[in-house]
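File shown here: run05.cif, holding mmCIF, C-alpha atoms.
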data_final
#
loop_
_atom_site.group_PDB
_atom_site.id
_atom_site.type_symbol
_atom_site.label_atom_id
_atom_site.label_comp_id
_atom_site.auth_asym_id
_atom_site.auth_seq_id
_atom_site.Cartn_x
_atom_site.Cartn_y
_atom_site.Cartn_z
ATOM 1 C CA MET R 25 141.741 -53.149 86.483
ATOM 2 C CA ASP R 26 139.350 -51.314 88.832
ATOM 3 C CA LYS R 27 139.222 -52.554 92.379
ATOM 4 C CA PRO R 28 135.756 -53.759 93.399
ATOM 5 C CA SER R 29 134.231 -51.012 95.539
ATOM 6 C CA SER R 30 134.140 -51.823 99.233
ATOM 7 C CA PRO R 31 130.793 -51.755 101.076
ATOM 8 C CA SER R 32 131.786 -48.507 102.773
ATOM 9 C CA GLN R 33 131.666 -46.839 99.353
ATOM 10 C CA ALA R 34 128.121 -48.012 98.659
ATOM 11 C CA PRO R 35 125.989 -44.933 97.988
ATOM 12 C CA HIS R 36 123.908 -43.612 100.870
ATOM 13 C CA ARG R 37 120.196 -43.919 100.225
ATOM 14 C CA ALA R 38 117.347 -41.936 101.727
ATOM 15 C CA GLY R 39 113.686 -41.704 100.969
ATOM 16 C CA PHE R 40 110.098 -42.138 102.025
ATOM 17 C CA ALA R 41 108.148 -45.320 102.594
ATOM 18 C CA CYS R 42 104.566 -45.699 103.666
ATOM 19 C CA PHE R 43 102.685 -48.664 105.032
ATOM 20 C CA VAL R 44 99.163 -49.231 103.820
ATOM 21 C CA GLY R 45 96.584 -51.823 104.700
ATOM 22 C CA ARG R 46 93.124 -52.081 106.068
ATOM 23 C CA PRO R 47 92.563 -50.825 109.610
ATOM 24 C CA ASN R 48 94.315 -52.900 112.259
ATOM 25 C CA ALA R 49 96.696 -54.579 109.784
ATOM 26 C CA GLY R 50 99.658 -53.745 112.031
ATOM 27 C CA LYS R 51 100.924 -50.607 110.257
ATOM 28 C CA SER R 52 101.580 -48.419 113.285
ATOM 29 C CA THR R 53 103.062 -51.272 115.329
ATOM 30 C CA LEU R 54 105.473 -51.938 112.471
ATOM 31 C CA THR R 55 106.426 -48.250 112.253
ATOM 32 C CA ASN R 56 107.198 -48.230 115.973
ATOM 33 C CA ALA R 57 109.216 -51.455 115.773
ATOM 34 C CA LEU R 58 111.351 -50.124 112.928
ATOM 35 C CA VAL R 59 111.982 -46.739 114.525
ATOM 36 C CA GLY R 60 112.413 -48.265 117.965
ATOM 37 C CA THR R 61 110.256 -45.739 119.839
ATOM 38 C CA LYS R 62 106.567 -45.060 120.027
ATOM 39 C CA VAL R 63 105.739 -42.565 117.284
ATOM 40 C CA ALA R 64 102.487 -43.646 115.680
ATOM 41 C CA ILE R 65 99.705 -44.467 118.092
ATOM 42 C CA THR R 66 98.625 -48.090 118.084
ATOM 43 C CA SER R 67 95.226 -49.410 118.971
ATOM 44 C CA ASN R 68 92.997 -52.310 118.093
ATOM 45 C CA ARG R 69 90.350 -49.936 116.804
ATOM 46 C CA PRO R 70 90.264 -48.847 113.153
ATOM 47 C CA GLN R 71 90.731 -45.139 112.391
ATOM 48 C CA THR R 72 93.089 -44.094 115.161
ATOM 49 C CA THR R 73 95.851 -42.655 112.989
ATOM 50 C CA ARG R 74 94.610 -39.428 111.473
ATOM 51 C CA HIS R 75 97.784 -37.457 110.976
ATOM 52 C CA THR R 76 100.687 -38.267 108.738
ATOM 53 C CA VAL R 77 103.151 -39.343 111.400
ATOM 54 C CA ARG R 78 106.652 -39.919 110.143
ATOM 55 C CA GLY R 79 109.037 -42.248 111.871
ATOM 56 C CA ILE R 80 112.677 -42.005 110.844
ATOM 57 C CA VAL R 81 114.962 -45.031 110.726
ATOM 58 C CA HIS R 82 118.647 -44.017 110.819
ATOM 59 C CA ARG R 83 121.199 -46.505 109.472
ATOM 60 C CA PRO R 84 124.840 -46.041 108.482
ATOM 61 C CA ASP R 85 123.971 -46.721 104.831
ATOM 62 C CA ALA R 86 120.513 -45.189 104.645
ATOM 63 C CA GLN R 87 117.724 -43.175 106.129
ATOM 64 C CA LEU R 88 114.215 -44.497 105.818
ATOM 65 C CA VAL R 89 111.440 -42.006 106.519
ATOM 66 C CA LEU R 90 108.155 -43.736 107.296
ATOM 67 C CA VAL R 91 104.972 -41.922 106.467
ATOM 68 C CA ASP R 92 101.975 -43.275 108.302
ATOM 69 C CA THR R 93 98.762 -42.638 106.392
ATOM 70 C CA PRO R 94 95.264 -43.167 107.767
ATOM 71 C CA GLY R 95 93.670 -46.439 106.665
ATOM 72 C CA LEU R 96 91.913 -46.243 103.314
ATOM 73 C CA HIS R 97 88.252 -47.185 103.595
ATOM 74 C CA LYS R 98 84.915 -46.535 101.943
ATOM 75 C CA PRO R 99 84.102 -43.064 103.286
ATOM 76 C CA ARG R 100 80.861 -42.401 105.143
ATOM 77 C CA THR R 101 81.566 -38.867 106.302
ATOM 78 C CA LEU R 102 83.354 -35.772 105.101
ATOM 79 C CA LEU R 103 86.233 -36.687 107.436
ATOM 80 C CA GLY R 104 86.407 -40.098 105.725
ATOM 81 C CA GLU R 105 86.617 -38.518 102.268
ATOM 82 C CA ARG R 106 89.363 -36.137 103.378
ATOM 83 C CA LEU R 107 91.368 -38.983 104.868
ATOM 84 C CA ASN R 108 91.133 -40.955 101.611
ATOM 85 C CA ASP R 109 92.402 -37.978 99.584
ATOM 86 C CA VAL R 110 95.359 -37.664 101.942
ATOM 87 C CA VAL R 111 96.119 -41.349 101.407
ATOM 88 C CA ARG R 112 96.186 -41.244 97.609
ATOM 89 C CA THR R 113 98.332 -38.104 97.516
ATOM 90 C CA THR R 114 100.818 -39.709 99.911
ATOM 91 C CA TRP R 115 101.044 -42.922 97.873
ATOM 92 C CA ALA R 116 101.950 -41.024 94.746
ATOM 93 C CA GLU R 117 104.742 -39.122 96.525
ATOM 94 C CA VAL R 118 106.622 -41.858 98.395
ATOM 95 C CA ASP R 119 109.527 -43.986 97.112
ATOM 96 C CA VAL R 120 108.165 -47.348 98.243
ATOM 97 C CA ILE R 121 104.806 -48.655 99.513
ATOM 98 C CA GLY R 122 104.558 -51.507 102.029
ATOM 99 C CA PHE R 123 101.172 -53.244 101.857
ATOM 100 C CA CYS R 124 100.476 -54.800 105.278
ATOM 101 C CA LEU R 125 98.356 -57.958 105.359
ATOM 102 C CA PRO R 126 97.825 -59.794 108.661
ATOM 103 C CA ALA R 127 98.877 -63.460 108.558
ATOM 104 C CA ASP R 128 95.977 -64.526 110.762
ATOM 105 C CA GLN R 129 93.163 -63.249 108.516
ATOM 106 C CA LYS R 130 92.197 -64.439 105.030
ATOM 107 C CA LEU R 131 92.409 -61.795 102.300
ATOM 108 C CA GLY R 132 89.097 -59.980 102.331
ATOM 109 C CA PRO R 133 87.207 -57.335 100.331
ATOM 110 C CA GLY R 134 89.056 -54.585 102.241
ATOM 111 C CA ASP R 135 92.431 -55.926 101.096
ATOM 112 C CA ARG R 136 91.201 -56.260 97.507
ATOM 113 C CA PHE R 137 89.858 -52.702 97.567
ATOM 114 C CA ILE R 138 93.259 -51.362 98.651
ATOM 115 C CA ALA R 139 95.180 -53.617 96.247
ATOM 116 C CA GLY R 140 92.943 -52.335 93.423
ATOM 117 C CA GLU R 141 93.836 -48.748 94.363
ATOM 118 C CA LEU R 142 97.528 -49.685 94.569
ATOM 119 C CA ALA R 143 97.430 -51.238 91.110
ATOM 120 C CA GLY R 144 96.549 -47.773 89.786
ATOM 121 C CA ILE R 145 99.768 -46.282 91.167
ATOM 122 C CA LYS R 146 102.198 -47.550 88.586
ATOM 123 C CA LYS R 147 105.634 -46.119 89.285
ATOM 124 C CA THR R 148 106.045 -46.708 93.020
ATOM 125 C CA PRO R 149 107.585 -50.095 93.997
ATOM 126 C CA LYS R 150 105.326 -52.154 96.277
ATOM 127 C CA VAL R 151 106.362 -54.617 98.967
ATOM 128 C CA ALA R 152 103.801 -57.007 100.461
ATOM 129 C CA ILE R 153 104.408 -57.326 104.214
ATOM 130 C CA VAL R 154 102.705 -60.201 106.007
ATOM 131 C CA THR R 155 102.289 -58.996 109.600
ATOM 132 C CA LYS R 156 101.444 -60.796 112.864
ATOM 133 C CA THR R 157 103.215 -64.004 111.789
ATOM 134 C CA ASP R 158 103.624 -64.902 115.483
ATOM 135 C CA LEU R 159 99.884 -65.732 115.522
ATOM 136 C CA VAL R 160 99.899 -68.504 112.885
ATOM 137 C CA ASP R 161 101.591 -71.825 112.054
ATOM 138 C CA SER R 162 103.842 -72.265 109.034
ATOM 139 C CA LYS R 163 101.155 -73.905 106.897
ATOM 140 C CA THR R 164 98.745 -70.968 107.327
ATOM 141 C CA LEU R 165 101.589 -68.552 106.605
ATOM 142 C CA ALA R 166 102.531 -70.389 103.389
ATOM 143 C CA GLY R 167 98.894 -70.236 102.270
ATOM 144 C CA GLN R 168 98.774 -66.490 102.924
ATOM 145 C CA LEU R 169 101.997 -65.884 100.957
ATOM 146 C CA LEU R 170 100.544 -67.771 97.967
ATOM 147 C CA ALA R 171 97.248 -65.878 98.194
ATOM 148 C CA ILE R 172 99.121 -62.551 98.139
ATOM 149 C CA GLN R 173 101.165 -63.605 95.127
ATOM 150 C CA LYS R 174 97.950 -64.589 93.344
ATOM 151 C CA LEU R 175 96.232 -61.304 94.250
ATOM 152 C CA GLY R 176 99.179 -59.382 92.755
ATOM 153 C CA ALA R 177 99.058 -61.450 89.562
ATOM 154 C CA GLU R 178 95.287 -60.910 89.188
ATOM 155 C CA LEU R 179 95.564 -57.142 89.504
ATOM 156 C CA GLY R 180 98.822 -56.678 87.640
ATOM 157 C CA ILE R 181 100.832 -55.650 90.702
ATOM 158 C CA GLU R 182 104.428 -56.787 90.626
ATOM 159 C CA TRP R 183 105.569 -57.154 94.246
ATOM 160 C CA ALA R 184 109.186 -56.027 94.690
ATOM 161 C CA GLU R 185 109.261 -58.378 97.718
ATOM 162 C CA ILE R 186 106.839 -60.454 99.808
ATOM 163 C CA ILE R 187 108.108 -60.593 103.374
ATOM 164 C CA PRO R 188 106.648 -62.101 106.573
ATOM 165 C CA VAL R 189 107.298 -60.149 109.818
ATOM 166 C CA SER R 190 106.219 -60.071 113.409
ATOM 167 C CA ALA R 191 106.776 -56.633 114.910
ATOM 168 C CA VAL R 192 105.663 -57.934 118.295
ATOM 169 C CA GLY R 193 108.064 -60.868 118.242
ATOM 170 C CA ASP R 194 110.663 -58.598 116.580
ATOM 171 C CA GLN R 195 111.093 -61.195 113.834
ATOM 172 C CA GLN R 196 112.394 -60.014 110.475
ATOM 173 C CA VAL R 197 111.954 -56.320 111.334
ATOM 174 C CA SER R 198 115.578 -55.460 110.526
ATOM 175 C CA LEU R 199 115.365 -57.705 107.461
ATOM 176 C CA LEU R 200 112.393 -55.633 106.331
ATOM 177 C CA ALA R 201 114.526 -52.484 106.624
ATOM 178 C CA ASP R 202 117.278 -54.260 104.606
ATOM 179 C CA LEU R 203 114.779 -54.969 101.825
ATOM 180 C CA LEU R 204 113.224 -51.490 101.774
ATOM 181 C CA VAL R 205 116.536 -49.601 101.652
ATOM 182 C CA PRO R 206 117.633 -50.700 98.111
ATOM 183 C CA LEU R 207 114.298 -49.413 96.791
ATOM 184 C CA LEU R 208 115.130 -45.862 97.966
ATOM 185 C CA PRO R 209 116.895 -43.316 95.771
ATOM 186 C CA GLU R 210 120.550 -42.418 96.341
ATOM 187 C CA SER R 211 120.519 -39.365 98.571
ATOM 188 C CA PRO R 212 122.213 -37.841 101.612
ATOM 189 C CA PRO R 213 120.198 -38.046 104.868
ATOM 190 C CA LEU R 214 117.027 -35.930 104.779
ATOM 191 C CA TYR R 215 116.815 -35.388 108.545
ATOM 192 C CA PRO R 216 119.391 -34.782 111.295
ATOM 193 C CA GLU R 217 120.683 -37.888 113.073
ATOM 194 C CA GLY R 218 118.722 -37.484 116.329
ATOM 195 C CA ASP R 219 115.301 -36.959 114.779
ATOM 196 C CA LEU R 220 112.776 -39.745 115.150
ATOM 197 C CA THR R 221 109.784 -37.927 113.749
ATOM 198 C CA ASP R 222 108.998 -34.540 112.236
ATOM 199 C CA GLU R 223 105.496 -34.559 113.675
ATOM 200 C CA PRO R 224 105.076 -31.402 115.770
ATOM 201 C CA GLU R 225 105.281 -32.277 119.457
ATOM 202 C CA GLN R 226 101.869 -30.805 120.171
ATOM 203 C CA VAL R 227 100.223 -33.142 117.661
ATOM 204 C CA MET R 228 102.022 -36.164 119.130
ATOM 205 C CA VAL R 229 100.971 -35.165 122.644
ATOM 206 C CA ALA R 230 97.368 -34.814 121.460
ATOM 207 C CA GLU R 231 97.562 -38.297 119.893
ATOM 208 C CA LEU R 232 98.852 -39.821 123.140
ATOM 209 C CA ILE R 233 96.007 -38.229 125.108
ATOM 210 C CA ARG R 234 93.523 -39.440 122.504
ATOM 211 C CA GLU R 235 94.886 -42.977 122.699
ATOM 212 C CA ALA R 236 94.490 -43.000 126.494
ATOM 213 C CA ALA R 237 91.001 -41.488 126.242
ATOM 214 C CA LEU R 238 89.921 -44.212 123.827
ATOM 215 C CA GLU R 239 91.260 -47.038 125.931
ATOM 216 C CA GLY R 240 88.216 -48.069 127.935
ATOM 217 C CA VAL R 241 85.433 -46.641 125.772
ATOM 218 C CA ARG R 242 86.233 -47.787 122.246
ATOM 219 C CA ASP R 243 82.881 -49.476 121.725
ATOM 220 C CA GLU R 244 80.896 -46.475 122.868
ATOM 221 C CA LEU R 245 82.764 -43.653 121.132
ATOM 222 C CA PRO R 246 85.405 -44.976 118.760
ATOM 223 C CA HIS R 247 85.589 -42.024 116.355
ATOM 224 C CA SER R 248 83.951 -39.284 118.379
ATOM 225 C CA ILE R 249 87.042 -38.142 120.224
ATOM 226 C CA ALA R 250 89.391 -35.403 119.039
ATOM 227 C CA VAL R 251 92.066 -33.815 121.198
ATOM 228 C CA VAL R 252 93.507 -30.334 120.794
ATOM 229 C CA VAL R 253 96.523 -29.227 122.819
ATOM 230 C CA GLU R 254 95.808 -25.552 123.484
ATOM 231 C CA GLU R 255 99.231 -24.744 124.908
ATOM 232 C CA MET R 256 102.478 -26.235 126.177
ATOM 233 C CA LEU R 257 104.497 -23.877 128.346
ATOM 234 C CA PRO R 258 107.448 -24.382 130.680
ATOM 235 C CA ARG R 259 106.352 -23.420 134.222
ATOM 236 C CA GLU R 260 108.050 -20.205 135.249
ATOM 237 C CA ASP R 261 109.989 -19.824 138.526
ATOM 238 C CA ARG R 262 111.218 -23.449 138.447
ATOM 239 C CA PRO R 263 114.848 -24.289 139.223
ATOM 240 C CA LYS R 264 116.852 -25.302 136.129
ATOM 241 C CA ASP R 265 117.267 -28.907 137.311
ATOM 242 C CA LYS R 266 113.541 -29.314 138.040
ATOM 243 C CA PRO R 267 111.667 -28.125 134.979
ATOM 244 C CA LEU R 268 107.922 -28.639 134.648
ATOM 245 C CA LEU R 269 105.900 -28.370 131.464
ATOM 246 C CA ASP R 270 102.293 -27.189 131.712
ATOM 247 C CA ILE R 271 100.082 -28.770 129.048
ATOM 248 C CA HIS R 272 96.501 -27.590 128.616
ATOM 249 C CA ALA R 273 94.407 -29.821 126.383
ATOM 250 C CA ASN R 274 90.766 -30.201 125.422
ATOM 251 C CA VAL R 275 89.134 -33.527 124.674
ATOM 252 C CA TYR R 276 86.300 -32.918 122.211
ATOM 253 C CA ILE R 277 83.307 -35.206 121.845
ATOM 254 C CA GLU R 278 80.265 -34.892 119.597
ATOM 255 C CA ARG R 279 77.346 -35.004 122.029
ATOM 256 C CA PRO R 280 76.688 -33.896 125.607
ATOM 257 C CA SER R 281 75.594 -37.461 126.477
ATOM 258 C CA GLN R 282 79.169 -38.652 125.800
ATOM 259 C CA LYS R 283 80.626 -36.333 128.425
ATOM 260 C CA GLY R 284 79.768 -38.649 131.301
ATOM 261 C CA ILE R 285 81.382 -41.608 129.546
ATOM 262 C CA ILE R 286 84.712 -39.806 129.219
ATOM 263 C CA ILE R 287 84.683 -38.209 132.670
ATOM 264 C CA GLY R 288 83.444 -41.342 134.478
ATOM 265 C CA PRO R 289 81.909 -41.597 137.954
ATOM 266 C CA LYS R 290 83.280 -38.747 140.122
ATOM 267 C CA GLY R 291 85.794 -37.918 137.384
ATOM 268 C CA ALA R 292 87.610 -41.250 137.812
ATOM 269 C CA ARG R 293 87.965 -42.025 134.085
ATOM 270 C CA LEU R 294 89.317 -38.636 133.141
ATOM 271 C CA LYS R 295 91.836 -38.864 135.977
ATOM 272 C CA GLU R 296 92.938 -42.265 134.680
ATOM 273 C CA VAL R 297 93.272 -40.838 131.138
ATOM 274 C CA GLY R 298 95.417 -38.020 132.547
ATOM 275 C CA MET R 299 97.696 -40.378 134.470
ATOM 276 C CA LYS R 300 98.167 -42.801 131.560
ATOM 277 C CA SER R 301 98.827 -40.188 128.916
ATOM 278 C CA ARG R 302 101.083 -38.165 131.213
ATOM 279 C CA LYS R 303 103.431 -41.155 131.576
ATOM 280 C CA HIS R 304 103.728 -41.496 127.781
ATOM 281 C CA ILE R 305 104.072 -37.727 127.262
ATOM 282 C CA GLU R 306 106.868 -37.506 129.833
ATOM 283 C CA ALA R 307 108.659 -40.391 128.134
ATOM 284 C CA LEU R 308 108.256 -38.683 124.756
ATOM 285 C CA LEU R 309 109.376 -35.212 125.860
ATOM 286 C CA GLY R 310 111.833 -36.295 128.538
ATOM 287 C CA THR R 311 110.516 -33.805 131.076
ATOM 288 C CA PRO R 312 107.979 -33.819 133.957
ATOM 289 C CA VAL R 313 104.545 -32.640 132.875
ATOM 290 C CA TYR R 314 101.523 -31.071 134.541
ATOM 291 C CA LEU R 315 98.539 -32.058 132.405
ATOM 292 C CA ASP R 316 95.340 -30.036 132.562
ATOM 293 C CA LEU R 317 92.502 -31.831 130.717
ATOM 294 C CA HIS R 318 89.023 -30.533 129.928
ATOM 295 C CA VAL R 319 86.168 -32.272 128.118
ATOM 296 C CA LYS R 320 84.182 -30.163 125.653
ATOM 297 C CA VAL R 321 81.342 -30.816 123.232
ATOM 298 C CA ALA R 322 81.865 -29.944 119.543
ATOM 299 C CA LYS R 323 78.557 -30.926 118.000
ATOM 300 C CA ASP R 324 78.845 -33.498 115.154
ATOM 301 C CA TRP R 325 82.387 -32.352 114.403
ATOM 302 C CA GLN R 326 83.055 -35.195 111.948
ATOM 303 C CA ARG R 327 80.487 -33.830 109.499
ATOM 304 C CA ASP R 328 81.167 -30.115 109.856
ATOM 305 C CA PRO R 329 83.917 -28.615 107.650
ATOM 306 C CA LYS R 330 84.403 -25.638 109.997
ATOM 307 C CA GLN R 331 84.893 -27.847 113.056
ATOM 308 C CA LEU R 332 87.144 -30.253 111.114
ATOM 309 C CA ARG R 333 89.436 -27.348 110.252
ATOM 310 C CA ARG R 334 89.504 -26.149 113.837
ATOM 311 C CA LEU R 335 90.350 -29.612 115.114
ATOM 312 C CA GLY R 336 93.246 -29.886 112.699
ATOM 313 C CA PHE R 337 91.806 -31.952 109.843
#
Turn this file's structure into structure tokens for me.
Amino acid sequence: MDKPSSPSQAPHRAGFACFVGRPNAGKSTLTNALVGTKVAITSNRPQTTRHTVRGIVHRPDAQLVLVDTPGLHKPRTLLGERLNDVVRTTWAEVDVIGFCLPADQKLGPGDRFIAGELAGIKKTPKVAIVTKTDLVDSKTLAGQLLAIQKLGAELGIEWAEIIPVSAVGDQQVSLLADLLVPLLPESPPLYPEGDLTDEPEQVMVAELIREAALEGVRDELPHSIAVVVEEMLPREDRPKDKPLLDIHANVYIERPSQKGIIIGPKGARLKEVGMKSRKHIEALLGTPVYLDLHVKVAKDWQRDPKQLRRLGF
């Protein structure tokens, strides 16, 4: 008689998962909680994640590669349409989709719109993830779980799992990983052990600067900021034990009138942006950084295909 196989002989699984949900549903926060470091930028403003940032969760039995897509929304600009195309392509290519729905907000038209799109993607397993559970009581949570089940039934989506989590309170985050792993194909690891993301460092640095630049001015210029890192070079003539990285970056806005908002009185805001983002960049790269920031105007860049290309979209 065959011996039952021991857990150590369980096949290794590896694959791609992506979190979807309307803006501010907790997707990036969840990615960061699972990976354990800050990879996707988080903010309480819709439309901050523009690049496909991948976080990589390494486990003895599996490797889960998280693809962070921009939020799907009804597009108003060329940039919006491009982002939506990116989203649909990504959904069709991943091994599992996690649909994030905040516990503290009733299901709305935005959620239905996304669920309708998801229903069209037949083969990929879908997990409904109820985020921000730390903000509600158990009765509200139970109601939300029922509503999600009903929404799936209406649209013909069969949820592989419905799981409540709180990334902030670190509740159920490892359980979420446990539930996503069996949905991945059997495969050796896709990335080396130490990797946390395959996003080029320059793009991540640009995102950190953009996050800091948005911090105090979200209401005035939520989408009008793009950041391009022109170069990252180790400073020459530095002793080996005291390296310094020179980073030159441009913050692009759409109109000259926005320049003052970003720079602030006597340059105070821009200085603050530099200090904040430098801390995060140094933590990310593990090396001291000299950050040189300039603010430039790229007229109506969100509507101009040439500018979009130049700014990396």
**Q.** atom CA of R:Asn108 to atom CA of R:Thr155, distance in Å rounded to a single decimal
**A.**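 Answer for the atom CA of R:Asn108 to atom CA of R:Thr155 separation: 22.7 Å.
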Q) Can you tell me, as a PyMOL selection string, what residues are no more than 7 Å from stretch 131-143 of chain R when counting all atoms listed in the file, ignoring any on the same chain fewer than 3 positions away? A) chain R and resi 45-46+146+179-181
(Q) So the first atom is atom CA of R:Ala201 and the second is atom CA of R:Val151; what is the distance between them in Å, to one decimal place? (A)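 Going from atom CA of R:Ala201 over to atom CA of R:Val151 covers 11.4 Å.
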Q: Could you tell me which of R:Lys51, R:Lys174, R:Arg234, R:Arg302 comes closest to R:Ile277 if we count all atoms listed in the file?
A: R:Arg234
Q.
Can you translate the PyMOL selection byres ((chain R and resi 87) around 12) into the concrete residues it hits in this file, as a ChimeraX atom specification?
A. /R:35-41,58-59,79-86,88-90,201-202,204-220
Q. Could you write out as an NGL selection string the residues that the PyMOL selection byres ((chain R and resi 268) around 8) matches in the shown file?
A. :R and (258-259 or 262 or 266-267 or 269-270 or 311-314)
Same residues, C-alpha atoms, saved as a JSON list (two decimals), in the frame of the given file:
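Final file, part-v8.json:
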[["chain", "number", "residue", "atom", "x", "y", "z"],
["R", 258, "PRO", "CA", 107.45, -24.38, 130.68],
["R", 259, "ARG", "CA", 106.35, -23.42, 134.22],
["R", 262, "ARG", "CA", 111.22, -23.45, 138.45],
["R", 266, "LYS", "CA", 113.54, -29.31, 138.04],
["R", 267, "PRO", "CA", 111.67, -28.12, 134.98],
["R", 269, "LEU", "CA", 105.90, -28.37, 131.46],
["R", 270, "ASP", "CA", 102.29, -27.19, 131.71],
["R", 311, "THR", "CA", 110.52, -33.80, 131.08],
["R", 312, "PRO", "CA", 107.98, -33.82, 133.96],
["R", 313, "VAL", "CA", 104.54, -32.64, 132.88],
["R", 314, "TYR", "CA", 101.52, -31.07, 134.54]]
Enclose stretch 303-320 of chain R, meaning all of its atoms listed in the file, in a box aligned along x, y and z, pad it by 3 Å on each side, and list the centre and edge lengths in Å to one decimal, as JSON.
{"center_x": 98.0, "center_y": -35.8, "center_z": 129.6, "size_x": 33.7, "size_y": 17.5, "size_z": 15.8}
Q.
Would you compute the distance between atom CA of R:Glu306 and atom CA of R:Val251? Give it in Å to one decimal.
A.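 Straight-line distance from atom CA of R:Glu306 to atom CA of R:Val251 works out to 17.5 Å.
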Q | the PyMOL selection byres ((chain R and resi 197) around 12) resolved against shown file, as a ChimeraX atom specification | A | /R:53-60,81,153-157,187-196,198-204
What does the file look like for those residues with C-alpha atoms, as a PDB file, in the frame of the given file?
ATOM      1  CA  THR R  53     103.062 -51.272 115.329  1.00  0.00           C
ATOM      2  CA  LEU R  54     105.473 -51.938 112.471  1.00  0.00           C
ATOM      3  CA  THR R  55     106.426 -48.250 112.253  1.00  0.00           C
ATOM      4  CA  ASN R  56     107.198 -48.230 115.973  1.00  0.00           C
ATOM      5  CA  ALA R  57     109.216 -51.455 115.773  1.00  0.00           C
ATOM      6  CA  LEU R  58     111.351 -50.124 112.928  1.00  0.00           C
ATOM      7  CA  VAL R  59     111.982 -46.739 114.525  1.00  0.00           C
ATOM      8  CA  GLY R  60     112.413 -48.265 117.965  1.00  0.00           C
ATOM      9  CA  VAL R  81     114.962 -45.031 110.726  1.00  0.00           C
ATOM     10  CA  ILE R 153     104.408 -57.326 104.214  1.00  0.00           C
ATOM     11  CA  VAL R 154     102.705 -60.201 106.007  1.00  0.00           C
ATOM     12  CA  THR R 155     102.289 -58.996 109.600  1.00  0.00           C
ATOM     13  CA  LYS R 156     101.444 -60.796 112.864  1.00  0.00           C
ATOM     14  CA  THR R 157     103.215 -64.004 111.789  1.00  0.00           C
ATOM     15  CA  ILE R 187     108.108 -60.593 103.374  1.00  0.00           C
ATOM     16  CA  PRO R 188     106.648 -62.101 106.573  1.00  0.00           C
ATOM     17  CA  VAL R 189     107.298 -60.149 109.818  1.00  0.00           C
ATOM     18  CA  SER R 190     106.219 -60.071 113.409  1.00  0.00           C
ATOM     19  CA  ALA R 191     106.776 -56.633 114.910  1.00  0.00           C
ATOM     20  CA  VAL R 192     105.663 -57.934 118.295  1.00  0.00           C
ATOM     21  CA  GLY R 193     108.064 -60.868 118.242  1.00  0.00           C
ATOM     22  CA  ASP R 194     110.663 -58.598 116.580  1.00  0.00           C
ATOM     23  CA  GLN R 195     111.093 -61.195 113.834  1.00  0.00           C
ATOM     24  CA  GLN R 196     112.394 -60.014 110.475  1.00  0.00           C
ATOM     25  CA  SER R 198     115.578 -55.460 110.526  1.00  0.00           C
ATOM     26  CA  LEU R 199     115.365 -57.705 107.461  1.00  0.00           C
ATOM     27  CA  LEU R 200     112.393 -55.633 106.331  1.00  0.00           C
ATOM     28  CA  ALA R 201     114.526 -52.484 106.624  1.00  0.00           C
ATOM     29  CA  ASP R 202     117.278 -54.260 104.606  1.00  0.00           C
ATOM     30  CA  LEU R 203     114.779 -54.969 101.825  1.00  0.00           C
ATOM     31  CA  LEU R 204     113.224 -51.490 101.774  1.00  0.00           C
TER      32      LEU R 204
END
Q) So which residues are close to (94.5, -42.2, 133.2), meaning at most 12 Å away in the file's coordinates with all atoms listed in the file counted, and can you show them as a ChimeraX atom specification? A) /R:232-240,286-288,291-304,315,317
Output of the above residues as a compact mmCIF listing (two decimals), in the coordinates of the input, restricted to C-alpha atoms:
# COMPACT_ATOMS: atom_id res chain seq x y z
CA LEU R 232 98.85 -39.82 123.14
CA ILE R 233 96.01 -38.23 125.11
CA ARG R 234 93.52 -39.44 122.50
CA GLU R 235 94.89 -42.98 122.70
CA ALA R 236 94.49 -43.00 126.49
CA ALA R 237 91.00 -41.49 126.24
CA LEU R 238 89.92 -44.21 123.83
CA GLU R 239 91.26 -47.04 125.93
CA GLY R 240 88.22 -48.07 127.94
CA ILE R 286 84.71 -39.81 129.22
CA ILE R 287 84.68 -38.21 132.67
CA GLY R 288 83.44 -41.34 134.48
CA GLY R 291 85.79 -37.92 137.38
CA ALA R 292 87.61 -41.25 137.81
CA ARG R 293 87.96 -42.02 134.08
CA LEU R 294 89.32 -38.64 133.14
CA LYS R 295 91.84 -38.86 135.98
CA GLU R 296 92.94 -42.26 134.68
CA VAL R 297 93.27 -40.84 131.14
CA GLY R 298 95.42 -38.02 132.55
CA MET R 299 97.70 -40.38 134.47
CA LYS R 300 98.17 -42.80 131.56
CA SER R 301 98.83 -40.19 128.92
CA ARG R 302 101.08 -38.16 131.21
CA LYS R 303 103.43 -41.16 131.58
CA HIS R 304 103.73 -41.50 127.78
CA LEU R 315 98.54 -32.06 132.40
CA LEU R 317 92.50 -31.83 130.72
I want to know what sits within 6 Å of R:Val319, based on all atoms listed in the file, with residues of the same chain fewer than 5 positions away left out; could you give that as a PDB file with C-alpha atoms, in the frame of the given file?
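Final file, selection19.pdb:
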ATOM      1  CA  ASN R 274      90.766 -30.201 125.422  1.00  0.00           C
ATOM      2  CA  VAL R 275      89.134 -33.527 124.674  1.00  0.00           C
ATOM      3  CA  TYR R 276      86.300 -32.918 122.211  1.00  0.00           C
TER       4      TYR R 276
END
